[in-house]
Each structure stands twice: as C-alpha cells, then as structure tokens.
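> Take a look at the following structure, please.
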Amino acid sequence: MTTTTDLPLLFLGQGADPGSERGVQCPGELPPASDPELVARAAAAKAALGDQVFVLGHHYQRDEVIQFADVTGDSFKLARDAAARPQAPYIVFCGVHFMAESADILTGDDQKVILPDLAAGCSMADMATFDQVEECWDVLTDLGIGDRVVPVTYMNSSADIKAFVGRRGGVVCTSSNAKRALEWAFEQGEQILFLPDQHLGRNTAVLELGLSLDDCVVYNPHRPNGGLTDEQLRDAKVILWKGHCSVHGRFSKESVDEVRERVPGVNVLVHPECRHEVVTAADLIGSTEYIIKTLDAAEPGSSWAIGTELNLVKRLAAAHPDKNVMFLDKTVCFCSTMNRIDLPHLVWALESLVRGEVPNQITVDPETAGHAKAALDRMLALP
C-alpha cells in the first residue's frame, strides 16, 4: 500500500499565497471540533423528528455534519433528492444559500427548507447581483445585440439570477452538463452570456466546444460597459461574467508543476471551476461527482492530486487508504461559507424543529420561483 505524501501546507490563518486570485485568501482559523455532547444531541433530535425531517449534506461539508445527512451530493442532486421526498415537511439543507433556494423552488408548497446558518452564502453567487445583470443586459440591448444573446447561468447562482435567465429564454447548467447547455444556447442564438463563473464558462467553451480564447471576453460589472469596447461585445461568442469560486480559483499552474515534480506518476484531477491554465495542465477534469467516481475506480497504489474543496479531498483520502490522495494546493483552504454549517448550528436547527419552531426558513417568492423553475426545466429537458 502506498502511503500518503502530503503537500507542504500553509495552515489556515497562518499564511497567504500572493499568487492567488484577489478575494480568495483563506479566512482565518476554523472553529475547534464539536464536543461529544453535541453529537449526542444531534442524534437525539434527528431521531425524535423521524421521517418529518430530511437532512441534505453537500460534499464540501465537514465530517461532523455529513454524518447526520440522509443523502450527500452536489447542489442540484440534493435539491432533486429533496423534491423526491414530498412526505418530509422539513428539509434541512447543509450547504449554502443558493442551494437552499433551489430546494425551495423544486419542493412542494407544504415543505419548509431550512438553512442552519443564514450566513452560509456563496462568494461566487454573490459576484452576480440582479441589478448588475440587468445593467449588463441593458448594455447589450443598447448595442443592438440583446436579441441574439442567450443567457446561461451556472447552478451556483441566486434564485434572482436563475429567474432573470428564465425570463429571457435561457437555461441553468451544472458542471456536468455545461457543454450540453452551451450547445443548446447556440442553437437558440448567436452569443452567450455566461453567469457567474468565468472559469467554467471559458473551460467549457474552449475545451469542449472548440472555441478559441479570443472568442471569449470577460464582462466586469464594476466597470463601465463591463470594461469592454462595443466591438468586443459584438464580436464575442461567449461573454463571461467576472466571477469565480473562492476555493477553485486559487489553484495555480505552479501547484500542478510542483506536485508533478515531487510525486512521480501522479494523476492531477481538477474541477472545471479552476482557472484555464490549471485545467489544461491537469490530466482529468470533472464535476464533484466525476471526481468521486474516478477515485472509486482508480487502481490501488495510484497517486492523485485533487483540485477541489479540502473537506471532500480529506474524505476521499480516508475512503481510499490504498491510494495516495492529496490536496493539489499548498495552502489549506476550506470553503469558508460551507464551513459555517457546523454541528452547533445543525443541533440548534434540529432542536428548534423538535420544539415546533421553524428556524431560518428559506423561501423564494412565487414569481421568482416560477421564472427560475422555467430555466431549470429547460436544463432538465436537455438531450
């Protein structure tokens, strides 16, 4: 059996990588592990609620929370799992805000979706606000190209953005079906506005659709005209929103080069939210579910450097002791907002439900939900 060789790490809150993207520095130390009493309280509350509660756990959640999840998965899978359990009046979503919104859109009116900590947002989703996207659309309309642009939004976006896309005939995509979504969009129009993750949009357009980097431009909502000329906007095939994942955005080409030099024969497997120079240097690229399945099927003794959130990488390493599984980056950086859903918050949410109180319910107004669901339904109808 091959033993794990760890990367030299800058521990959380004790260092920074100056080569990282702006806004992706690690956000200080994580809280200490929860005490055994909280574990017992969570188990007791969940048992008392029985079939009344359905707990969803995103792959990036910490182990102390995942142990109480009825199902685990990525954001869209979990929302669909919730919709498939109409008999459960309470859905506790251990993830982030946009995920709970999607669950509320897809579940029944009599089901209540609860987010244990309302501060669990998503930095990527927050990089595209409704007003900003409306202003961008006005720019495109004033240029006379609005009627030929099809908006596509990544699942990692707010309900408002999904509704914006739905109202304008666009579609939602996941990291697994982004290629199909972009192909569909090009069948509807000549250009695409891709929200909010520039890296997934660029990687899909260039590596899977065969477009060039020059076919893609980046729209910066904080600059007039998105920081682009009228000619650039008219000529672009894909207009990428200037957004990124705070975790995947920090992986670098240097990280890939370093691990290849240090670990002979290593397989580099990264998420498509990583920067273009990282995915082109990697051996394999794929969604969270793809990463998990690839590790499950990997040969014993093989070495893997994984470019995705650290909680998942640690879980994969523990699940595959016969393989050498390591984190791609040299800096220990969890998803700070995912980690807001800790065991104390989960215990509080479950015990509140036992008392008949519904804490932190996430609701999407019917009009927004209707337009957002239209965009989601178009995704589900993709071939």
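FYI, nothing fancy with the structure tokens labels: chains A, B, ... in order, residues from 1 per chain, ligands from 1 as they appear.
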Got a sec: who's within 6 Å of A:Ile306, counting only C-alpha atoms, leaving out chain neighbours fewer than 2 positions off, as a PDB file with N, CA, C and O atoms, in the first residue's frame?


```
ATOM      1  N   LEU A 269      -6.247  15.717 -10.995  1.00  0.00           N
ATOM      2  CA  LEU A 269      -7.684  15.704 -11.264  1.00  0.00           C
ATOM      3  C   LEU A 269      -8.295  16.965 -10.671  1.00  0.00           C
ATOM      4  O   LEU A 269      -8.201  17.179  -9.456  1.00  0.00           O
ATOM      5  N   VAL A 270      -8.906  17.806 -11.518  1.00  0.00           N
ATOM      6  CA  VAL A 270      -9.386  19.097 -11.037  1.00  0.00           C
ATOM      7  C   VAL A 270     -10.827  19.354 -11.471  1.00  0.00           C
ATOM      8  O   VAL A 270     -11.323  18.762 -12.426  1.00  0.00           O
ATOM      9  N   THR A 308      -9.937  20.391  -5.668  1.00  0.00           N
ATOM     10  CA  THR A 308     -11.289  20.772  -5.274  1.00  0.00           C
ATOM     11  C   THR A 308     -11.281  21.039  -3.775  1.00  0.00           C
ATOM     12  O   THR A 308     -10.215  21.040  -3.140  1.00  0.00           O
ATOM     13  N   PHE A 327      -4.128  16.888  -1.581  1.00  0.00           N
ATOM     14  CA  PHE A 327      -4.700  18.172  -1.983  1.00  0.00           C
ATOM     15  C   PHE A 327      -3.734  18.858  -2.939  1.00  0.00           C
ATOM     16  O   PHE A 327      -2.523  18.879  -2.719  1.00  0.00           O
ATOM     17  N   LEU A 328      -4.252  19.423  -4.025  1.00  0.00           N
ATOM     18  CA  LEU A 328      -3.383  19.991  -5.045  1.00  0.00           C
ATOM     19  C   LEU A 328      -2.643  21.231  -4.570  1.00  0.00           C
ATOM     20  O   LEU A 328      -1.480  21.425  -4.902  1.00  0.00           O
TER      21      LEU A 328
END
```

> Could you give me, as an NGL selection string, the residues within 8 Å of A:Ser302, counting only C-alpha atoms and dropping anything in the same chain fewer than 6 positions from it?

:A and (2 or 266-267 or 323-324)

> What would the file look like if the residues just selected were written as a compact mmCIF listing (two decimals), in the first residue's frame with N, CA and C atoms?


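out_36.txt was written with the following content:
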```txt
# COMPACT_ATOMS: atom_id res chain seq x y z
N THR A 2 0.54 2.21 -0.81
CA THR A 2 1.28 3.45 -0.88
C THR A 2 0.82 4.38 0.22
N VAL A 266 2.00 11.01 -10.70
CA VAL A 266 0.77 11.49 -10.08
C VAL A 266 -0.26 11.85 -11.15
N ASN A 267 -1.52 11.57 -10.84
CA ASN A 267 -2.64 11.98 -11.69
C ASN A 267 -3.23 13.25 -11.11
N LYS A 323 -4.77 4.21 -1.86
CA LYS A 323 -4.30 5.15 -2.87
C LYS A 323 -3.67 6.36 -2.20
N ASN A 324 -2.80 7.02 -2.94
CA ASN A 324 -2.11 8.19 -2.42
C ASN A 324 -2.88 9.44 -2.87
```

> Tell me, counting only C-alpha atoms, for each residue of stretch 273-367 of chain A within 7 Å of stretch 193-208 of chain A, which pair of atoms is nearest and how far apart they are in Å to one decimal, in rows ordered by chain and increasing number, as CSV.


```
residue,atom,partner,partner_atom,distance
A:Glu273,CA,A:Leu200,CA,4.8
A:Cys274,CA,A:His199,CA,6.2
A:Arg275,CA,A:His199,CA,5.5
A:His276,CA,A:Asn203,CA,6.1
```

> The selected residues should be written to file as a tab-separated table (two decimals), in the first residue's frame (atoms: N, CA, C and O atoms).


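Below is the file part31.tsv, written as the result:
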```tsv
chain	number	residue	atom	x	y	z
A	273	GLU	N	-14.21	24.46	-12.40
A	273	GLU	CA	-14.23	25.83	-11.91
A	273	GLU	C	-12.81	26.38	-11.73
A	273	GLU	O	-12.64	27.57	-11.43
A	274	CYS	N	-11.79	25.54	-11.93
A	274	CYS	CA	-10.41	26.00	-11.83
A	274	CYS	C	-10.06	26.86	-13.04
A	274	CYS	O	-10.69	26.78	-14.10
A	275	ARG	N	-9.00	27.64	-12.90
A	275	ARG	CA	-8.56	28.51	-13.99
A	275	ARG	C	-8.11	27.70	-15.21
A	275	ARG	O	-7.72	26.54	-15.09
A	276	HIS	N	-8.16	28.35	-16.37
A	276	HIS	CA	-7.91	27.66	-17.62
A	276	HIS	C	-6.50	27.04	-17.66
A	276	HIS	O	-6.33	25.91	-18.13
```

> Apply DSSP to the structure's backbone, then extract all residues of stretch 19-129 of chain A labelled strand (DSSP E) and return them as a ChimeraX atom specification.

/A:53-58,71-73,90-94,112-114

> Now that the selection is made, can you save its residues with N, CA, C and O atoms as a short mmCIF file (atom, residue, chain, number, x, y, z; two decimals), in the first residue's frame?


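Final file, out_2.cif:
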```cif
data_model
loop_
_atom_site.label_atom_id
_atom_site.label_comp_id
_atom_site.auth_asym_id
_atom_site.auth_seq_id
_atom_site.Cartn_x
_atom_site.Cartn_y
_atom_site.Cartn_z
N VAL A 53 -38.16 14.99 9.07
CA VAL A 53 -37.02 15.78 8.62
C VAL A 53 -36.18 14.98 7.62
O VAL A 53 -36.05 13.76 7.74
N PHE A 54 -35.67 15.68 6.62
CA PHE A 54 -34.78 15.08 5.62
C PHE A 54 -33.56 15.99 5.56
O PHE A 54 -33.67 17.18 5.22
N VAL A 55 -32.40 15.45 5.93
CA VAL A 55 -31.18 16.25 6.03
C VAL A 55 -30.31 16.02 4.80
O VAL A 55 -29.95 14.88 4.48
N LEU A 56 -29.98 17.13 4.12
CA LEU A 56 -29.13 17.08 2.92
C LEU A 56 -27.74 17.57 3.27
O LEU A 56 -27.59 18.61 3.94
N GLY A 57 -26.71 16.87 2.80
CA GLY A 57 -25.34 17.28 3.08
C GLY A 57 -24.52 17.42 1.81
O GLY A 57 -24.30 16.44 1.10
N HIS A 58 -24.09 18.64 1.52
CA HIS A 58 -23.24 18.85 0.35
C HIS A 58 -21.87 18.23 0.58
O HIS A 58 -21.38 18.15 1.71
N VAL A 71 -28.76 12.08 2.73
CA VAL A 71 -28.14 11.91 1.43
C VAL A 71 -27.04 12.95 1.29
O VAL A 71 -27.09 14.02 1.90
N THR A 72 -26.03 12.63 0.49
CA THR A 72 -24.97 13.58 0.17
C THR A 72 -24.92 13.75 -1.34
O THR A 72 -25.38 12.89 -2.10
N GLY A 73 -24.36 14.86 -1.78
CA GLY A 73 -24.25 15.08 -3.21
C GLY A 73 -23.87 16.50 -3.52
O GLY A 73 -23.52 17.29 -2.64
N TYR A 90 -39.98 18.92 6.58
CA TYR A 90 -38.82 19.77 6.87
C TYR A 90 -37.60 19.26 6.10
O TYR A 90 -37.23 18.09 6.22
N ILE A 91 -37.00 20.15 5.33
CA ILE A 91 -35.76 19.85 4.61
C ILE A 91 -34.66 20.70 5.23
O ILE A 91 -34.70 21.94 5.14
N VAL A 92 -33.72 20.06 5.89
CA VAL A 92 -32.58 20.79 6.46
C VAL A 92 -31.42 20.67 5.47
O VAL A 92 -30.89 19.58 5.25
N PHE A 93 -31.05 21.80 4.86
CA PHE A 93 -30.03 21.80 3.81
C PHE A 93 -28.70 22.24 4.39
O PHE A 93 -28.52 23.42 4.73
N CYS A 94 -27.79 21.31 4.52
CA CYS A 94 -26.44 21.63 4.97
C CYS A 94 -25.60 21.94 3.73
O CYS A 94 -24.98 21.05 3.13
N LYS A 112 -40.89 22.88 4.06
CA LYS A 112 -40.12 24.03 4.51
C LYS A 112 -38.63 23.69 4.45
O LYS A 112 -38.20 22.67 4.99
N VAL A 113 -37.88 24.56 3.78
CA VAL A 113 -36.43 24.36 3.62
C VAL A 113 -35.72 25.23 4.64
O VAL A 113 -35.97 26.44 4.75
N ILE A 114 -34.81 24.63 5.39
CA ILE A 114 -34.12 25.30 6.49
C ILE A 114 -32.62 25.29 6.23
O ILE A 114 -32.04 24.25 5.88
#
```

> Can you tell me, as a ChimeraX atom specification, what residues are no more than 6 Å from stretch 336-338 of chain A when counting only C-alpha atoms, ignoring any on the same chain fewer than 3 positions away?

/A:95,120-121

> I need the chosen residues saved as a CSV table (one decimal), in the first residue's frame, with N, CA and C atoms.


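Output contents, as saved in result04.csv:
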```
chain,number,residue,atom,x,y,z
A,95,GLY,N,-25.7,23.2,3.4
A,95,GLY,CA,-25.0,23.7,2.2
A,95,GLY,C,-24.9,25.2,2.3
A,120,ALA,N,-24.3,31.3,5.7
A,120,ALA,CA,-23.7,30.4,4.7
A,120,ALA,C,-24.1,30.8,3.3
A,121,GLY,N,-23.4,31.7,2.7
A,121,GLY,CA,-23.6,32.1,1.3
A,121,GLY,C,-22.6,31.5,0.4
```

> So that I can see what lies close to stretch 153-167 of chain A, please list as an NGL selection string the residues with an atom at most 10 Å from it, counting only C-alpha atoms and leaving out residues fewer than 6 positions away in the same chain.

:A and (75-76 or 96-102 or 104-105 or 121-131 or 133-134 or 173-175 or 177-178 or 181 or 193-198 or 200-201 or 241 or 245 or 364-365 or 367-378)

> At a cut-off of 7 Å, using only C-alpha atoms, what residues contact A:Tyr60? Leave out same-chain residues fewer than 6 positions from it and give the result as number ranges by chain.

A: 309, 311-312, 338

> Go through A:Ala42, A:Val268, A:Cys216, A:Leu353 and flag the residue nearest A:Ile66, using only C-alpha atoms for the distances.

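The shortest atom-to-atom distance to A:Ile66 comes from A:Ala42.
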
> DSSP on the backbone, then: every residue of stretch 22-258 of chain A marked alpha helix (DSSP H), written as a VMD selection string.

chain A and resid 36 to 49 63 to 66 75 to 83 97 to 106 123 to 126 130 to 142 159 to 167 178 to 188 198 to 203 230 to 235 253 to 258
